[in-house]
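Novice: Data file data-v8.txt (compact mmCIF, C-alpha atoms and all ligand atoms) is appended below.
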```
# COMPACT_ATOMS: atom_id res chain seq x y z
CA MET E 290 110.81 129.23 75.89
CA GLN E 291 107.06 129.85 75.56
CA LYS E 292 105.25 127.29 77.72
CA GLU E 293 101.57 126.31 77.77
CA THR E 294 99.87 126.32 81.15
CA TYR E 295 97.06 123.99 82.25
CA PHE E 296 95.58 124.78 85.67
CA GLY E 297 98.81 126.35 86.81
CA VAL E 298 101.07 123.61 85.43
CA ASP E 299 103.54 124.52 82.67
CA VAL E 300 104.08 122.25 79.67
CA SER E 301 106.81 122.61 77.07
CA PRO E 302 105.51 122.75 73.49
CA LEU E 303 108.83 121.58 71.98
CA SER E 304 109.21 118.42 69.90
CA TYR E 305 111.88 115.76 70.53
CA ASP E 306 114.22 117.35 67.97
CA GLU E 307 113.73 120.86 69.34
CA ILE E 308 114.46 119.68 72.88
CA LEU E 309 117.65 117.94 71.73
CA VAL E 310 118.90 121.09 69.96
CA ASP E 311 118.06 123.21 73.01
CA ILE E 312 119.67 120.75 75.43
CA GLU E 313 122.89 120.63 73.45
CA GLN E 314 123.11 124.43 73.50
CA ARG E 315 122.49 124.43 77.24
CA MET E 316 125.16 121.76 77.78
CA GLN E 317 127.66 123.84 75.85
CA ALA E 318 126.74 126.89 77.94
CA ASP E 319 127.31 124.76 81.08
CA GLN E 320 123.64 124.96 82.09
CA LYS E 321 121.83 122.08 83.74
CA SER E 322 118.54 120.84 82.29
CA THR E 323 115.78 118.79 83.88
CA ILE E 324 113.03 116.87 82.11
CA ILE E 325 109.80 115.83 83.79
CA ALA E 326 106.85 114.05 82.21
CA VAL E 327 103.48 115.78 82.54
CA ASN E 328 100.17 113.95 82.08
CA PRO E 329 96.57 114.70 83.14
CA GLU E 330 96.98 112.70 86.33
CA LYS E 331 99.93 114.86 87.37
CA VAL E 332 98.21 118.11 86.39
CA MET E 333 95.17 117.21 88.51
CA ALA E 334 97.40 116.22 91.44
CA ALA E 335 99.57 119.34 91.06
CA GLU E 336 96.52 121.57 91.17
CA GLN E 337 96.06 120.51 94.79
CA ASN E 338 99.73 120.08 95.62
CA GLU E 339 101.87 123.17 95.45
CA GLN E 340 105.12 121.28 95.93
CA LEU E 341 104.44 119.06 92.92
CA ARG E 342 103.39 122.09 90.87
CA GLU E 343 106.60 123.94 91.67
CA LEU E 344 108.63 120.85 90.89
CA ILE E 345 107.12 120.68 87.41
CA ASN E 346 107.21 124.43 86.81
CA ASN E 347 110.84 124.70 87.83
CA SER E 348 111.93 121.97 85.45
CA THR E 349 113.43 123.01 82.12
CA TYR E 350 111.06 120.84 80.09
CA GLY E 351 107.68 119.57 81.32
CA ILE E 352 107.10 117.22 78.41
CA PRO E 353 103.54 116.43 77.20
CA ASP E 354 103.59 112.71 78.01
CA GLY E 355 100.14 111.36 77.25
CA VAL E 356 97.40 112.05 74.79
CA GLY E 357 95.43 114.09 77.36
CA ILE E 358 97.79 117.07 77.24
CA LEU E 359 97.84 116.92 73.45
CA LEU E 360 94.02 117.00 73.30
CA ALA E 361 93.92 119.85 75.82
CA SER E 362 96.31 121.84 73.66
CA LYS E 363 94.09 121.25 70.63
CA LEU E 364 91.01 122.37 72.60
CA LYS E 365 92.82 125.50 73.76
CA LYS E 366 94.31 126.20 70.31
CA GLY E 367 97.76 125.67 71.72
CA THR E 368 100.86 124.72 69.76
CA ILE E 369 101.60 121.20 71.03
CA THR E 370 101.43 119.00 67.95
CA SER E 371 102.49 115.62 69.29
CA ARG E 372 103.15 113.72 72.47
CA VAL E 373 106.67 113.67 73.87
CA THR E 374 106.77 110.55 76.01
CA GLY E 375 109.27 109.98 78.79
CA VAL E 376 110.47 106.67 77.41
CA ASP E 377 110.88 107.97 73.84
CA MET E 378 112.62 111.13 75.08
CA MET E 379 115.06 108.92 76.99
CA ASP E 380 115.63 106.83 73.87
CA ARG E 381 116.32 109.95 71.80
CA LEU E 382 118.74 111.22 74.45
CA LEU E 383 120.55 107.86 74.45
CA GLU E 384 120.92 108.04 70.68
CA PHE E 385 122.17 111.64 71.02
CA ALA E 386 124.67 110.65 73.74
CA ALA E 387 125.96 107.75 71.65
CA LYS E 388 126.45 109.99 68.63
CA LYS E 389 128.14 112.83 70.52
CA GLY E 390 130.18 110.77 72.96
CA TYR E 391 128.37 111.97 76.10
CA ARG E 392 128.48 109.70 79.14
CA VAL E 393 125.33 108.18 80.58
CA PHE E 394 124.45 107.01 84.11
CA LEU E 395 121.39 104.91 84.95
CA TYR E 396 120.04 105.18 88.50
CA GLY E 397 116.94 103.33 89.67
CA ALA E 398 114.86 100.13 89.44
CA LYS E 399 115.89 96.73 90.77
CA GLU E 400 119.47 95.54 90.30
CA GLU E 401 118.58 92.94 87.66
CA VAL E 402 116.39 95.44 85.80
CA VAL E 403 118.93 98.25 85.62
CA SER E 404 121.82 95.94 84.69
CA GLN E 405 119.72 94.35 81.96
CA ALA E 406 118.54 97.77 80.72
CA LYS E 407 122.23 98.77 80.45
CA ALA E 408 123.04 95.63 78.43
CA LYS E 409 120.06 96.12 76.09
CA ILE E 410 120.87 99.81 75.54
CA GLU E 411 124.49 98.91 74.72
CA GLU E 412 123.20 96.36 72.23
CA LYS E 413 120.98 98.99 70.60
CA TYR E 414 123.64 101.75 70.57
CA PRO E 415 127.04 100.00 70.33
CA GLU E 416 129.03 103.27 70.61
CA ILE E 417 127.27 104.45 73.76
CA ILE E 418 129.25 105.05 76.96
CA ILE E 419 127.19 104.00 79.97
CA SER E 420 129.79 104.97 82.52
CA GLY E 421 127.91 103.62 85.51
CA TYR E 422 124.65 102.47 87.06
CA GLU E 423 123.06 101.94 90.45
CA ASN E 424 119.84 100.26 91.54
CA GLY E 425 117.08 102.39 93.05
CA TYR E 426 117.14 100.74 96.45
CA VAL E 427 120.50 102.07 97.67
CA GLN E 428 119.52 104.36 100.51
CA ASP E 429 122.58 106.60 100.99
CA PRO E 430 122.33 109.51 98.53
CA LYS E 431 125.95 110.53 99.22
CA GLN E 432 127.15 107.17 98.00
CA VAL E 433 125.06 107.47 94.84
CA VAL E 434 126.15 111.07 94.16
CA ASN E 435 129.82 110.06 94.50
CA LYS E 436 129.36 107.14 92.16
CA ILE E 437 127.72 109.35 89.52
CA ASN E 438 130.45 111.96 89.79
CA GLU E 439 133.24 109.37 89.66
CA ALA E 440 131.63 108.05 86.47
CA LYS E 441 131.83 111.60 85.05
CA ALA E 442 128.28 111.27 83.79
CA ASP E 443 126.87 113.94 81.46
CA LEU E 444 123.33 112.55 81.37
CA LEU E 445 121.57 111.04 84.38
CA PHE E 446 118.36 109.03 84.13
CA VAL E 447 116.55 108.41 87.42
CA ALA E 448 113.91 105.65 87.50
CA MET E 449 112.28 105.50 90.92
CA GLY E 450 108.68 106.44 90.12
CA SER E 451 107.11 109.86 90.46
CA PRO E 452 107.50 112.10 92.43
CA LYS E 453 110.31 110.25 94.27
CA GLN E 454 112.69 110.53 91.30
CA GLU E 455 111.96 114.22 90.75
CA LEU E 456 112.46 115.00 94.43
CA TRP E 457 115.78 113.15 94.35
CA ILE E 458 116.88 115.15 91.30
CA ARG E 459 115.88 118.45 92.84
CA GLU E 460 117.69 117.72 96.07
CA HIS E 461 120.93 116.44 94.56
CA MET E 462 121.35 118.03 91.14
CA ASP E 463 123.64 120.78 92.45
CA SER E 464 126.11 118.24 93.83
CA VAL E 465 125.98 116.03 90.73
CA SER E 466 128.23 117.08 87.87
CA ALA E 467 125.85 115.78 85.16
CA LYS E 468 124.18 118.35 82.92
CA VAL E 469 120.97 116.59 81.91
CA PHE E 470 118.56 114.97 84.38
CA GLN E 471 115.46 113.02 83.44
CA GLY E 472 113.05 111.20 85.76
CA VAL E 473 111.92 108.20 83.73
CA GLY E 474 109.55 106.15 85.95
CA GLY E 475 109.27 102.58 84.72
CA SER E 476 111.40 103.13 81.58
CA PHE E 477 114.31 100.91 82.69
CA ASP E 478 111.78 98.08 82.95
CA VAL E 479 110.78 98.82 79.33
CA PHE E 480 114.41 98.92 78.07
CA ALA E 481 115.19 95.73 80.00
CA GLY E 482 112.27 94.07 78.22
CA HIS E 483 110.35 93.40 81.45
CA VAL E 484 107.41 95.62 80.53
CA LYS E 485 106.03 95.71 77.01
CA ARG E 486 104.81 98.96 75.51
CA ALA E 487 101.57 99.04 73.54
CA PRO E 488 101.95 97.93 69.90
CA ALA E 489 102.52 100.75 67.38
CA PHE E 490 98.91 100.42 66.19
CA TYR E 491 97.58 101.65 69.55
CA ARG E 492 100.36 104.21 70.04
CA ASN E 493 99.79 105.80 66.64
CA LEU E 494 96.09 106.22 67.36
CA GLY E 495 96.82 107.77 70.75
CA LEU E 496 95.24 104.71 72.38
CA GLU E 497 98.16 103.51 74.48
CA TRP E 498 96.03 104.18 77.58
CA PHE E 499 93.34 101.82 76.24
CA TYR E 500 95.86 99.03 75.63
CA ARG E 501 97.29 99.45 79.14
CA LEU E 502 93.80 99.48 80.62
CA MET E 503 92.98 96.16 78.94
CA LYS E 504 96.21 94.65 80.28
CA GLU E 505 95.83 96.13 83.75
CA PRO E 506 92.17 96.93 84.58
CA LYS E 507 93.19 98.25 88.00
CA ARG E 508 94.63 101.28 86.22
CA LEU E 509 91.07 102.50 85.67
CA LYS E 510 91.11 104.67 88.78
CA ARG E 511 94.32 106.43 87.68
CA GLN E 512 93.05 106.77 84.13
CA LEU E 513 89.84 108.48 85.16
CA ALA E 514 92.01 111.55 85.52
CA LEU E 515 92.02 111.79 81.71
CA PRO E 516 88.27 112.37 81.08
CA LYS E 517 88.01 114.51 84.23
CA PHE E 518 90.89 116.64 83.01
CA LEU E 519 89.43 117.05 79.51
CA LEU E 520 86.04 118.04 80.91
CA LYS E 521 87.73 120.64 83.06
CA VAL E 522 89.65 121.98 80.07
CA MET E 523 86.44 122.26 78.04
CA ARG E 524 84.62 124.02 80.87
CA SER E 525 87.48 126.45 81.35
CA LYS E 526 87.14 127.81 77.80
N1 LIG E 601 111.74 102.09 92.21
C1 LIG E 601 113.02 102.27 92.73
N2 LIG E 601 113.15 102.63 94.04
C2 LIG E 601 112.08 102.84 94.84
C3 LIG E 601 110.78 102.69 94.29
C4 LIG E 601 110.64 102.32 92.96
O1 LIG E 601 114.00 102.11 92.03
O2 LIG E 601 112.28 103.15 96.02
C5 LIG E 601 111.61 101.69 90.78
C6 LIG E 601 110.83 100.42 90.52
O3 LIG E 601 111.67 99.30 90.68
C7 LIG E 601 110.38 100.62 89.09
C8 LIG E 601 110.19 102.14 89.01
O4 LIG E 601 110.91 102.70 90.11
O5 LIG E 601 111.40 100.21 88.19
C9 LIG E 601 108.74 102.59 89.20
O6 LIG E 601 108.15 102.69 88.04
P1 LIG E 601 106.61 103.10 87.93
O7 LIG E 601 106.12 102.48 86.69
O8 LIG E 601 105.90 102.85 89.23
O9 LIG E 601 106.74 104.68 87.79
P2 LIG E 601 105.76 105.68 87.05
O10 LIG E 601 106.22 105.69 85.61
O11 LIG E 601 104.36 105.15 87.23
O12 LIG E 601 106.02 106.97 87.77
```
Is it possible to give me this structure as structure tokens?

Specialist:
Amino acid sequence: MQKETYFGVDVSPLSYDEILVDIEQRMQADQKSTIIAVNPEKVMAAEQNEQLRELINNSTYGIPDGVGILLASKLKKGTITSRVTGVDMMDRLLEFAAKKGYRVFLYGAKEEVVSQAKAKIEEKYPEIIISGYENGYVQDPKQVVNKINEAKADLLFVAMGSPKQELWIREHMDSVSAKVFQGVGGSFDVFAGHVKRAPAFYRNLGLEWFYRLMKEPKRLKRQLALPKFLLKVMRSK
């Protein structure tokens, strides 16, 4: 797969549908796939942090989560045509699993959040098999790995925030029999209905960041990564 690279960090240019087709082929070939969300904040951090950079670059799909990467691709005449957000990618994978009969495991978030996310997902996709779940505060990884394997999970979603979830996946993916691994941050909170996403109006205009900033002004510091990143991209032309 041809990837686009921003300051040493690789991003997958594939759309949701292309990733699903690719993942299914990899599952059939018995290959494991990992999905990690990339945004300007992570690119800027990864530039200074080799471990984070390797984590992203060794994943199968570094998805362009966030309008910043999309704009950078436009500035650099790249081929990324739309955002691929972590939460929407997870939703598409759930739909795919429900349709194809693949088994899903949810690991992460607080007990009431993950159990509620499971219930809401089952409501949305009645045929889905969520063969197990565990909250993100169980400390013994062996116990969690056993539980996932006993559930014969094909897809594993890990929601413990970044980079904790990605580090967990990297360390344990070889002993987990699942084929698809995605670190999904606060997505269980979204599925459970605890955190609202921006209305479609903002999302369609690429202004989700603005909506979140209005709701949570303390995000400003994190969000300053976006203009800094774009300036850097422009200067690097
Ligand atoms: N979390 C967890 N275990 C931990 C720390 C965090 O399960 O040890 C969960 C937390 O309950 C929340 C999610 O991880 O559901 C963190 O989401 P956040 O929005 O901070 O992640 P981001 O998307 O910003 O990486």

Novice: Kindly compile the residues surrounding ligand LIG 601 (chain E) within 10 Å, counting only C-alpha atoms and all ligand atoms, and format them as number ranges by chain.

Specialist: E: 326, 331, 375-376, 396-403, 423-428, 447-455, 472-479, 483-484

Novice: Just to confirm, what's the straight-line distance from atom CA of Asp306 of chain E to atom CA of Val327 of chain E in Å (one decimal)?

Specialist: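 Between these atoms lies a distance of 18.2 Å.
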
Novice: What lies within 12 Å of segment 500-515 of chain E using only C-alpha atoms, ignoring chain neighbours under 2 positions off, as a PDB file with C-alpha atoms, in the frame of the given file?

Specialist:
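The resulting file, around.pdb, is reproduced below:
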```pdb
ATOM      1  CA  ASN E 328     100.170 113.950  82.080  1.00  0.00           C
ATOM      2  CA  PRO E 329      96.570 114.700  83.140  1.00  0.00           C
ATOM      3  CA  GLU E 330      96.980 112.700  86.330  1.00  0.00           C
ATOM      4  CA  LYS E 331      99.930 114.860  87.370  1.00  0.00           C
ATOM      5  CA  VAL E 332      98.210 118.110  86.390  1.00  0.00           C
ATOM      6  CA  MET E 333      95.170 117.210  88.510  1.00  0.00           C
ATOM      7  CA  ALA E 334      97.400 116.220  91.440  1.00  0.00           C
ATOM      8  CA  GLY E 355     100.140 111.360  77.250  1.00  0.00           C
ATOM      9  CA  VAL E 356      97.400 112.050  74.790  1.00  0.00           C
ATOM     10  CA  GLY E 357      95.430 114.090  77.360  1.00  0.00           C
ATOM     11  CA  ILE E 358      97.790 117.070  77.240  1.00  0.00           C
ATOM     12  CA  LEU E 359      97.840 116.920  73.450  1.00  0.00           C
ATOM     13  CA  LEU E 360      94.020 117.000  73.300  1.00  0.00           C
ATOM     14  CA  ALA E 361      93.920 119.850  75.820  1.00  0.00           C
ATOM     15  CA  VAL E 484     107.410  95.620  80.530  1.00  0.00           C
ATOM     16  CA  LYS E 485     106.030  95.710  77.010  1.00  0.00           C
ATOM     17  CA  ARG E 486     104.810  98.960  75.510  1.00  0.00           C
ATOM     18  CA  ALA E 487     101.570  99.040  73.540  1.00  0.00           C
ATOM     19  CA  PRO E 488     101.950  97.930  69.900  1.00  0.00           C
ATOM     20  CA  ALA E 489     102.520 100.750  67.380  1.00  0.00           C
ATOM     21  CA  PHE E 490      98.910 100.420  66.190  1.00  0.00           C
ATOM     22  CA  TYR E 491      97.580 101.650  69.550  1.00  0.00           C
ATOM     23  CA  ARG E 492     100.360 104.210  70.040  1.00  0.00           C
ATOM     24  CA  ASN E 493      99.790 105.800  66.640  1.00  0.00           C
ATOM     25  CA  LEU E 494      96.090 106.220  67.360  1.00  0.00           C
ATOM     26  CA  GLY E 495      96.820 107.770  70.750  1.00  0.00           C
ATOM     27  CA  LEU E 496      95.240 104.710  72.380  1.00  0.00           C
ATOM     28  CA  GLU E 497      98.160 103.510  74.480  1.00  0.00           C
ATOM     29  CA  TRP E 498      96.030 104.180  77.580  1.00  0.00           C
ATOM     30  CA  LYS E 517      88.010 114.510  84.230  1.00  0.00           C
ATOM     31  CA  PHE E 518      90.890 116.640  83.010  1.00  0.00           C
ATOM     32  CA  LEU E 519      89.430 117.050  79.510  1.00  0.00           C
ATOM     33  CA  LEU E 520      86.040 118.040  80.910  1.00  0.00           C
ATOM     34  CA  LYS E 521      87.730 120.640  83.060  1.00  0.00           C
ATOM     35  CA  VAL E 522      89.650 121.980  80.070  1.00  0.00           C
TER      36      VAL E 522
END
```

Novice: May I have the residues within 6 Å of Ser301 of chain E as a VMD selection string, using only C-alpha atoms and disregarding those fewer than 5 positions away in the same chain?

Specialist: chain E and resid 292 350 to 352

Novice: Quick one: contact table of segment 321-412 of chain E to segment 457-465 of chain E, 12 Å max, nearest atom pair and distance in Å to one decimal per residue, counting all atoms listed in the file, chain and number order, as CSV?

Specialist:
```
residue,atom,partner,partner_atom,distance
E:Lys321,CA,E:Met462,CA,8.4
E:Ser322,CA,E:Met462,CA,9.7
E:Thr323,CA,E:Ile458,CA,8.3
E:Ile324,CA,E:Ile458,CA,10.1
E:Ile325,CA,E:Ile458,CA,10.3
E:Gln340,CA,E:Arg459,CA,11.5
E:Leu341,CA,E:Arg459,CA,11.5
E:Glu343,CA,E:Arg459,CA,10.8
E:Leu344,CA,E:Arg459,CA,7.9
E:Ile345,CA,E:Arg459,CA,10.5
E:Asn347,CA,E:Arg459,CA,9.5
E:Ser348,CA,E:Arg459,CA,9.1
E:Thr349,CA,E:Arg459,CA,11.9
E:Phe394,CA,E:Val465,CA,11.3
E:Tyr396,CA,E:Trp457,CA,10.8
E:Gly397,CA,E:Trp457,CA,10.9
```

Novice: List as a short mmCIF file (atom, residue, chain, number, x, y, z; two decimals) with C-alpha atoms, in the coordinates of the input the protein and nucleic acid residues near Tyr391 of chain E, meaning an atom at most 8 Å away when only C-alpha atoms are counted, but skip any in the same chain fewer than 5 places from it.

Specialist:
```
data_model
loop_
_atom_site.label_atom_id
_atom_site.label_comp_id
_atom_site.auth_asym_id
_atom_site.auth_seq_id
_atom_site.Cartn_x
_atom_site.Cartn_y
_atom_site.Cartn_z
CA ALA E 386 124.67 110.65 73.74
CA ILE E 417 127.27 104.45 73.76
CA ILE E 418 129.25 105.05 76.96
CA ALA E 442 128.28 111.27 83.79
CA ASP E 443 126.87 113.94 81.46
CA LEU E 444 123.33 112.55 81.37
#
```

Novice: Interatomic distance between atom CA of Thr368 of chain E and atom CA of Pro353 of chain E?

Specialist: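 Result for atom CA of Thr368 of chain E versus atom CA of Pro353 of chain E: 11.5 Å, one decimal.
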
Novice: For the atom pair atom CA of Ala481 of chain E and atom CA of Ala408 of chain E, what is the interatomic distance in Å to one decimal place?

Specialist: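 Taking atom CA of Ala481 of chain E and atom CA of Ala408 of chain E, their separation equals 8.0 Å.
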
Novice: Since the input is missing atoms, can you rebuild N, CA, C and O atoms for segment 475-496 of chain E and write them as a PDB file, in the frame of the given file?

Specialist:
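Full text of part_21.pdb as output:
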```
ATOM      1  N   GLY E 475     109.047 103.992  84.978  1.00  0.00           N
ATOM      2  CA  GLY E 475     109.270 102.580  84.720  1.00  0.00           C
ATOM      3  C   GLY E 475     110.051 102.295  83.432  1.00  0.00           C
ATOM      4  O   GLY E 475     110.030 101.172  82.934  1.00  0.00           O
ATOM      5  N   SER E 476     110.759 103.309  82.899  1.00  0.00           N
ATOM      6  CA  SER E 476     111.400 103.130  81.580  1.00  0.00           C
ATOM      7  C   SER E 476     112.524 102.094  81.568  1.00  0.00           C
ATOM      8  O   SER E 476     112.742 101.446  80.547  1.00  0.00           O
ATOM      9  N   PHE E 477     113.242 101.935  82.691  1.00  0.00           N
ATOM     10  CA  PHE E 477     114.310 100.910  82.690  1.00  0.00           C
ATOM     11  C   PHE E 477     113.680  99.531  82.518  1.00  0.00           C
ATOM     12  O   PHE E 477     114.255  98.657  81.878  1.00  0.00           O
ATOM     13  N   ASP E 478     112.483  99.359  83.101  1.00  0.00           N
ATOM     14  CA  ASP E 478     111.780  98.080  82.950  1.00  0.00           C
ATOM     15  C   ASP E 478     111.431  97.846  81.475  1.00  0.00           C
ATOM     16  O   ASP E 478     111.483  96.727  80.989  1.00  0.00           O
ATOM     17  N   VAL E 479     111.102  98.939  80.759  1.00  0.00           N
ATOM     18  CA  VAL E 479     110.780  98.820  79.330  1.00  0.00           C
ATOM     19  C   VAL E 479     112.058  98.475  78.548  1.00  0.00           C
ATOM     20  O   VAL E 479     112.068  97.535  77.747  1.00  0.00           O
ATOM     21  N   PHE E 480     113.159  99.200  78.800  1.00  0.00           N
ATOM     22  CA  PHE E 480     114.410  98.920  78.070  1.00  0.00           C
ATOM     23  C   PHE E 480     114.917  97.503  78.373  1.00  0.00           C
ATOM     24  O   PHE E 480     115.461  96.837  77.505  1.00  0.00           O
ATOM     25  N   ALA E 481     114.721  97.069  79.625  1.00  0.00           N
ATOM     26  CA  ALA E 481     115.190  95.730  80.000  1.00  0.00           C
ATOM     27  C   ALA E 481     114.328  94.640  79.362  1.00  0.00           C
ATOM     28  O   ALA E 481     114.703  93.474  79.346  1.00  0.00           O
ATOM     29  N   GLY E 482     113.165  95.036  78.842  1.00  0.00           N
ATOM     30  CA  GLY E 482     112.270  94.070  78.220  1.00  0.00           C
ATOM     31  C   GLY E 482     111.316  93.423  79.216  1.00  0.00           C
ATOM     32  O   GLY E 482     110.657  92.440  78.900  1.00  0.00           O
ATOM     33  N   HIS E 483     111.248  93.972  80.437  1.00  0.00           N
ATOM     34  CA  HIS E 483     110.350  93.400  81.450  1.00  0.00           C
ATOM     35  C   HIS E 483     108.919  93.874  81.275  1.00  0.00           C
ATOM     36  O   HIS E 483     107.987  93.210  81.699  1.00  0.00           O
ATOM     37  N   VAL E 484     108.753  95.081  80.731  1.00  0.00           N
ATOM     38  CA  VAL E 484     107.410  95.620  80.530  1.00  0.00           C
ATOM     39  C   VAL E 484     107.280  95.949  79.052  1.00  0.00           C
ATOM     40  O   VAL E 484     108.143  96.605  78.474  1.00  0.00           O
ATOM     41  N   LYS E 485     106.231  95.443  78.447  1.00  0.00           N
ATOM     42  CA  LYS E 485     106.030  95.710  77.010  1.00  0.00           C
ATOM     43  C   LYS E 485     105.220  96.984  76.829  1.00  0.00           C
ATOM     44  O   LYS E 485     104.244  97.214  77.538  1.00  0.00           O
ATOM     45  N   ARG E 486     105.630  97.790  75.861  1.00  0.00           N
ATOM     46  CA  ARG E 486     104.810  98.960  75.510  1.00  0.00           C
ATOM     47  C   ARG E 486     103.672  98.503  74.612  1.00  0.00           C
ATOM     48  O   ARG E 486     103.704  97.407  74.066  1.00  0.00           O
ATOM     49  N   ALA E 487     102.680  99.368  74.440  1.00  0.00           N
ATOM     50  CA  ALA E 487     101.570  99.040  73.540  1.00  0.00           C
ATOM     51  C   ALA E 487     102.113  98.915  72.121  1.00  0.00           C
ATOM     52  O   ALA E 487     103.061  99.608  71.749  1.00  0.00           O
ATOM     53  N   PRO E 488     101.519  98.029  71.297  1.00  0.00           N
ATOM     54  CA  PRO E 488     101.950  97.930  69.900  1.00  0.00           C
ATOM     55  C   PRO E 488     101.762  99.277  69.183  1.00  0.00           C
ATOM     56  O   PRO E 488     100.931 100.096  69.592  1.00  0.00           O
ATOM     57  N   ALA E 489     102.538  99.476  68.113  1.00  0.00           N
ATOM     58  CA  ALA E 489     102.520 100.750  67.380  1.00  0.00           C
ATOM     59  C   ALA E 489     101.113 101.153  66.957  1.00  0.00           C
ATOM     60  O   ALA E 489     100.769 102.335  66.963  1.00  0.00           O
ATOM     61  N   PHE E 490     100.286 100.146  66.610  1.00  0.00           N
ATOM     62  CA  PHE E 490      98.910 100.420  66.190  1.00  0.00           C
ATOM     63  C   PHE E 490      98.183 101.294  67.214  1.00  0.00           C
ATOM     64  O   PHE E 490      97.583 102.314  66.885  1.00  0.00           O
ATOM     65  N   TYR E 491      98.263 100.890  68.496  1.00  0.00           N
ATOM     66  CA  TYR E 491      97.580 101.650  69.550  1.00  0.00           C
ATOM     67  C   TYR E 491      98.277 102.994  69.778  1.00  0.00           C
ATOM     68  O   TYR E 491      97.637 104.025  69.970  1.00  0.00           O
ATOM     69  N   ARG E 492      99.610 102.971  69.766  1.00  0.00           N
ATOM     70  CA  ARG E 492     100.360 104.210  70.040  1.00  0.00           C
ATOM     71  C   ARG E 492     100.050 105.268  68.998  1.00  0.00           C
ATOM     72  O   ARG E 492      99.819 106.429  69.317  1.00  0.00           O
ATOM     73  N   ASN E 493     100.015 104.838  67.712  1.00  0.00           N
ATOM     74  CA  ASN E 493      99.790 105.800  66.640  1.00  0.00           C
ATOM     75  C   ASN E 493      98.406 106.425  66.694  1.00  0.00           C
ATOM     76  O   ASN E 493      98.205 107.553  66.260  1.00  0.00           O
ATOM     77  N   LEU E 494      97.445 105.678  67.240  1.00  0.00           N
ATOM     78  CA  LEU E 494      96.090 106.220  67.360  1.00  0.00           C
ATOM     79  C   LEU E 494      95.897 106.993  68.660  1.00  0.00           C
ATOM     80  O   LEU E 494      94.809 107.468  68.946  1.00  0.00           O
ATOM     81  N   GLY E 495      96.952 107.089  69.452  1.00  0.00           N
ATOM     82  CA  GLY E 495      96.820 107.770  70.750  1.00  0.00           C
ATOM     83  C   GLY E 495      96.037 106.923  71.739  1.00  0.00           C
ATOM     84  O   GLY E 495      95.408 107.438  72.661  1.00  0.00           O
ATOM     85  N   LEU E 496      96.053 105.601  71.537  1.00  0.00           N
ATOM     86  CA  LEU E 496      95.240 104.710  72.380  1.00  0.00           C
ATOM     87  C   LEU E 496      96.091 103.834  73.305  1.00  0.00           C
ATOM     88  O   LEU E 496      95.653 102.763  73.725  1.00  0.00           O
TER      89      LEU E 496
END
```
